[in-house]
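**Q** Structure below; questions to follow.
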Amino acid sequence: MRAQQEWSDDDLVPISAIQHYSYCTRQYALIHVEQTFDENVFTMEGQWLHETVDEEAERTSHDVTIVTALPVWSDKLGLNGKCDVVEFHDGRPLPVEYKHGRMKAQVHDELQLCAQAICLEEMFAEAVPVGIIYQYSSRHRREVVLTEELRNTVLAVIQNIRILKRSGEMPVAVNDARCKHCSLIEACMPRITDGRPHAHWQSLIE
C-alpha cells in the first residue's frame, strides 16, 4: 500500500527534472521553473521515439511481463514520474529507458534511470541493482549497474533541485558544446547569459 503523501506540490521532484538538472542547471530552471519549452529536431525525434512507449500497456513475452508507461513514485524522496518500460523477471522489476541517437554513456541518462529504479524498489520492495538504456537507433541494450555512487548522486541532485527552486534564481548559461543541441538555445541566449563579458554584446547596450 502506498504511504501517505507528505510532500507539497512545490517540493515534489519529477524524475525528468533529474535528467535536465544533471545535464544543465539552466535548462532545468527554464523547463521546470519558468515552464519554457521549445522544439528542435532532437526533441521531435525523442517524442516520436517515445510514442511507442507512452501508452500504458502490459504484455508477456518469454515469461517476462513488459509494462509500458508505468507511473512510479517514491514517497520517501518525493519523486514521481513514468518509466518508459519496466520488465518484470520472476517478479523483479527492471527499468528500461529509451533513448535516440548514438550509443554513448551519459551520466544524466544514468541518473534518470537510477531514480526510476529507486522508485521501483520502494514500490515493489525488490532490489533493483541494474537498469537498461535502450538505444533505439541501434537496437542496442546497455546495462547500467546502479552503484552506490550513482544513487548518492541522485539524492544530491534531488536536494539541489529543491534548493534552486526555492531560491528563485536563474543559473547562468554554460555556453559550451551542449548548447548547440539544446532546443532552448533561443530562450536561453547562452552567448549573452553566461556571465562573461563579450565585447560585441556589450557594445549593443552601451
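To be explicit about the labels: the chains of the C-alpha cells are called A, B, and onward in the order shown, and within each one the residues are counted from 1, while ligands get numbers from 1 in the order they are shown.
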Please report, as a ChimeraX atom specification, each residue of chain A to which DSSP assigns strand (DSSP E) when run on this structure's backbone.
**A** /A:13-14,57-61,64-74,79-89,92-99,130-135,140-145
**Q** Could you turn the residues from that selection into a file that holds N, CA and C atoms, as a short mmCIF file (atom, residue, chain, number, x, y, z; two decimals), in the first residue's frame?
**A**
data_model
loop_
_atom_site.label_atom_id
_atom_site.label_comp_id
_atom_site.auth_asym_id
_atom_site.auth_seq_id
_atom_site.Cartn_x
_atom_site.Cartn_y
_atom_site.Cartn_z
N VAL A 13 9.60 16.29 -6.91
CA VAL A 13 10.60 16.38 -7.98
C VAL A 13 10.24 15.36 -9.07
N PRO A 14 9.95 15.83 -10.29
CA PRO A 14 9.73 14.89 -11.39
C PRO A 14 11.04 14.19 -11.75
N ALA A 57 0.41 -0.03 -21.09
CA ALA A 57 0.03 -1.34 -21.63
C ALA A 57 0.86 -2.41 -20.93
N GLU A 58 0.39 -3.64 -21.05
CA GLU A 58 1.09 -4.77 -20.43
C GLU A 58 0.99 -5.98 -21.34
N ARG A 59 2.11 -6.67 -21.50
CA ARG A 59 2.11 -7.89 -22.29
C ARG A 59 3.17 -8.84 -21.72
N THR A 60 3.11 -10.09 -22.13
CA THR A 60 4.07 -11.09 -21.66
C THR A 60 4.79 -11.70 -22.85
N SER A 61 6.11 -11.80 -22.73
CA SER A 61 6.93 -12.37 -23.79
C SER A 61 8.02 -13.22 -23.15
N VAL A 64 8.47 -13.04 -19.48
CA VAL A 64 8.79 -11.71 -18.95
C VAL A 64 7.57 -10.81 -19.17
N THR A 65 7.09 -10.21 -18.10
CA THR A 65 5.98 -9.25 -18.21
C THR A 65 6.55 -7.88 -18.53
N ILE A 66 6.05 -7.25 -19.58
CA ILE A 66 6.56 -5.97 -20.05
C ILE A 66 5.46 -4.92 -19.90
N VAL A 67 5.74 -3.89 -19.11
CA VAL A 67 4.78 -2.83 -18.86
C VAL A 67 5.34 -1.53 -19.41
N THR A 68 4.56 -0.81 -20.22
CA THR A 68 5.00 0.47 -20.76
C THR A 68 4.30 1.62 -20.05
N ALA A 69 5.00 2.76 -19.99
CA ALA A 69 4.48 4.00 -19.39
C ALA A 69 3.97 3.75 -17.97
N LEU A 70 4.78 3.08 -17.17
CA LEU A 70 4.38 2.76 -15.80
C LEU A 70 4.61 3.95 -14.88
N PRO A 71 3.55 4.49 -14.24
CA PRO A 71 3.75 5.57 -13.26
C PRO A 71 4.52 5.04 -12.04
N VAL A 72 5.52 5.79 -11.61
CA VAL A 72 6.33 5.39 -10.46
C VAL A 72 6.48 6.57 -9.52
N TRP A 73 6.81 6.27 -8.28
CA TRP A 73 6.97 7.33 -7.28
C TRP A 73 7.81 6.83 -6.11
N SER A 74 8.34 7.75 -5.36
CA SER A 74 8.98 7.47 -4.08
C SER A 74 8.43 8.46 -3.08
N LEU A 79 9.65 11.84 -5.11
CA LEU A 79 9.89 11.70 -6.55
C LEU A 79 8.64 11.14 -7.23
N ASN A 80 8.41 11.53 -8.48
CA ASN A 80 7.37 10.87 -9.26
C ASN A 80 7.69 11.00 -10.74
N GLY A 81 7.07 10.15 -11.53
CA GLY A 81 7.30 10.19 -12.97
C GLY A 81 6.80 8.91 -13.62
N LYS A 82 7.35 8.60 -14.78
CA LYS A 82 6.97 7.38 -15.51
C LYS A 82 8.23 6.69 -16.02
N CYS A 83 8.17 5.38 -16.06
CA CYS A 83 9.20 4.59 -16.73
C CYS A 83 8.74 4.30 -18.15
N ASP A 84 9.65 4.42 -19.11
CA ASP A 84 9.30 4.05 -20.48
C ASP A 84 8.82 2.61 -20.52
N VAL A 85 9.66 1.72 -20.00
CA VAL A 85 9.34 0.29 -19.95
C VAL A 85 9.87 -0.29 -18.64
N VAL A 86 9.08 -1.17 -18.04
CA VAL A 86 9.58 -1.97 -16.92
C VAL A 86 9.33 -3.43 -17.27
N GLU A 87 10.40 -4.20 -17.25
CA GLU A 87 10.31 -5.64 -17.46
C GLU A 87 10.32 -6.32 -16.10
N PHE A 88 9.42 -7.25 -15.91
CA PHE A 88 9.36 -8.00 -14.66
C PHE A 88 9.85 -9.42 -14.91
N HIS A 89 11.03 -9.72 -14.37
CA HIS A 89 11.64 -11.03 -14.49
C HIS A 89 11.44 -11.78 -13.17
N ARG A 92 10.68 -9.46 -10.40
CA ARG A 92 11.65 -8.40 -10.07
C ARG A 92 11.68 -7.37 -11.19
N PRO A 93 11.46 -6.08 -10.87
CA PRO A 93 11.39 -5.05 -11.92
C PRO A 93 12.76 -4.67 -12.47
N LEU A 94 12.79 -4.44 -13.77
CA LEU A 94 13.99 -3.97 -14.46
C LEU A 94 13.59 -2.78 -15.32
N PRO A 95 14.01 -1.55 -14.95
CA PRO A 95 13.63 -0.38 -15.75
C PRO A 95 14.42 -0.31 -17.05
N VAL A 96 13.73 0.07 -18.13
CA VAL A 96 14.36 0.22 -19.44
C VAL A 96 14.02 1.62 -19.95
N GLU A 97 15.05 2.44 -20.12
CA GLU A 97 14.86 3.82 -20.59
C GLU A 97 15.23 3.90 -22.06
N TYR A 98 14.30 4.40 -22.88
CA TYR A 98 14.51 4.52 -24.33
C TYR A 98 15.22 5.84 -24.65
N LYS A 99 16.25 5.76 -25.49
CA LYS A 99 16.98 6.94 -25.94
C LYS A 99 17.22 6.83 -27.44
N VAL A 130 20.37 -3.20 -11.33
CA VAL A 130 20.77 -2.75 -12.66
C VAL A 130 19.55 -2.22 -13.41
N GLY A 131 19.81 -1.43 -14.43
CA GLY A 131 18.78 -0.96 -15.34
C GLY A 131 19.32 -1.05 -16.76
N ILE A 132 18.46 -0.75 -17.73
CA ILE A 132 18.84 -0.85 -19.13
C ILE A 132 18.56 0.48 -19.83
N ILE A 133 19.53 0.94 -20.61
CA ILE A 133 19.30 2.04 -21.55
C ILE A 133 19.25 1.43 -22.95
N TYR A 134 18.09 1.59 -23.59
CA TYR A 134 17.87 1.01 -24.90
C TYR A 134 18.04 2.09 -25.96
N GLN A 135 19.05 1.92 -26.80
CA GLN A 135 19.32 2.88 -27.86
C GLN A 135 18.54 2.47 -29.10
N HIS A 140 20.26 -1.40 -29.48
CA HIS A 140 21.24 -1.92 -28.53
C HIS A 140 20.81 -1.67 -27.10
N ARG A 141 20.93 -2.68 -26.25
CA ARG A 141 20.62 -2.57 -24.83
C ARG A 141 21.93 -2.45 -24.05
N ARG A 142 22.06 -1.38 -23.29
CA ARG A 142 23.25 -1.20 -22.46
C ARG A 142 22.87 -1.34 -20.99
N GLU A 143 23.49 -2.28 -20.32
CA GLU A 143 23.20 -2.49 -18.91
C GLU A 143 23.95 -1.46 -18.07
N VAL A 144 23.25 -0.87 -17.13
CA VAL A 144 23.84 0.13 -16.23
C VAL A 144 23.76 -0.42 -14.81
N VAL A 145 24.92 -0.59 -14.19
CA VAL A 145 24.95 -1.02 -12.79
C VAL A 145 24.64 0.20 -11.93
#
**Q** Would you list, as a ChimeraX atom specification, the residues of chain A that end up in helix (DSSP H, G or I) under DSSP run on this structure's backbone?
**A** /A:15-23,25-33,41-50,107-124,148-167,177-181,185-188,190-193,199-205
**Q** Write out as a PyMOL selection string which residues come within 12 Å of A:Val174 when counting only C-alpha atoms, dropping same-chain ones fewer than 3 positions away.
**A** chain A and resi 23-27+171+177-180+182+185+188-196
**Q** How would the residues just picked look written out with C-alpha atoms as a tab-separated table (two decimals), in the first residue's frame?
**A**
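Heads up, here's the output in selection.tsv:
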chain	number	residue	atom	x	y	z
A	23	TYR	CA	22.64	17.91	-17.99
A	24	CYS	CA	22.36	21.68	-17.42
A	25	THR	CA	21.02	23.54	-14.39
A	26	ARG	CA	19.81	26.42	-16.55
A	27	GLN	CA	17.92	24.02	-18.81
A	171	PRO	CA	21.55	29.85	-13.21
A	177	ALA	CA	29.15	22.29	-26.73
A	178	ARG	CA	25.88	21.22	-25.08
A	179	CYS	CA	24.12	24.37	-26.23
A	180	LYS	CA	24.08	23.62	-29.97
A	182	CYS	CA	19.53	22.27	-26.91
A	185	ILE	CA	19.05	27.94	-27.13
A	188	CYS	CA	18.43	30.77	-23.06
A	189	MET	CA	20.67	33.03	-25.21
A	190	PRO	CA	23.88	31.49	-23.81
A	191	ARG	CA	26.17	33.96	-25.60
A	192	ILE	CA	24.58	36.75	-23.54
A	193	THR	CA	23.69	35.00	-20.31
A	194	ASP	CA	26.82	33.01	-19.48
A	195	GLY	CA	28.03	35.69	-17.08
A	196	ARG	CA	31.18	36.54	-19.03
**Q** Could the residues of stretch 111-198 of chain A that have an atom at most 7 Å from stretch 17-22 of chain A be listed as a tab-separated table, each with its closest atom pair and the distance in Å to one decimal, counting only C-alpha atoms and ordered by chain and ascending residue number?
**A**
residue	atom	partner	partner_atom	distance
A:Leu111	CA	A:Gln19	CA	6.6
A:Gln112	CA	A:Gln19	CA	5.3
A:Val157	CA	A:Ile18	CA	6.6
A:Ile158	CA	A:Ile18	CA	7.0
**Q** Using Å and a single decimal, report how far atom CA of A:Ser183 sits from atom CA of A:Glu110.
**A**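 We find that atom CA of A:Glu110 and atom CA of A:Ser183 lie 21.1 Å from each other.
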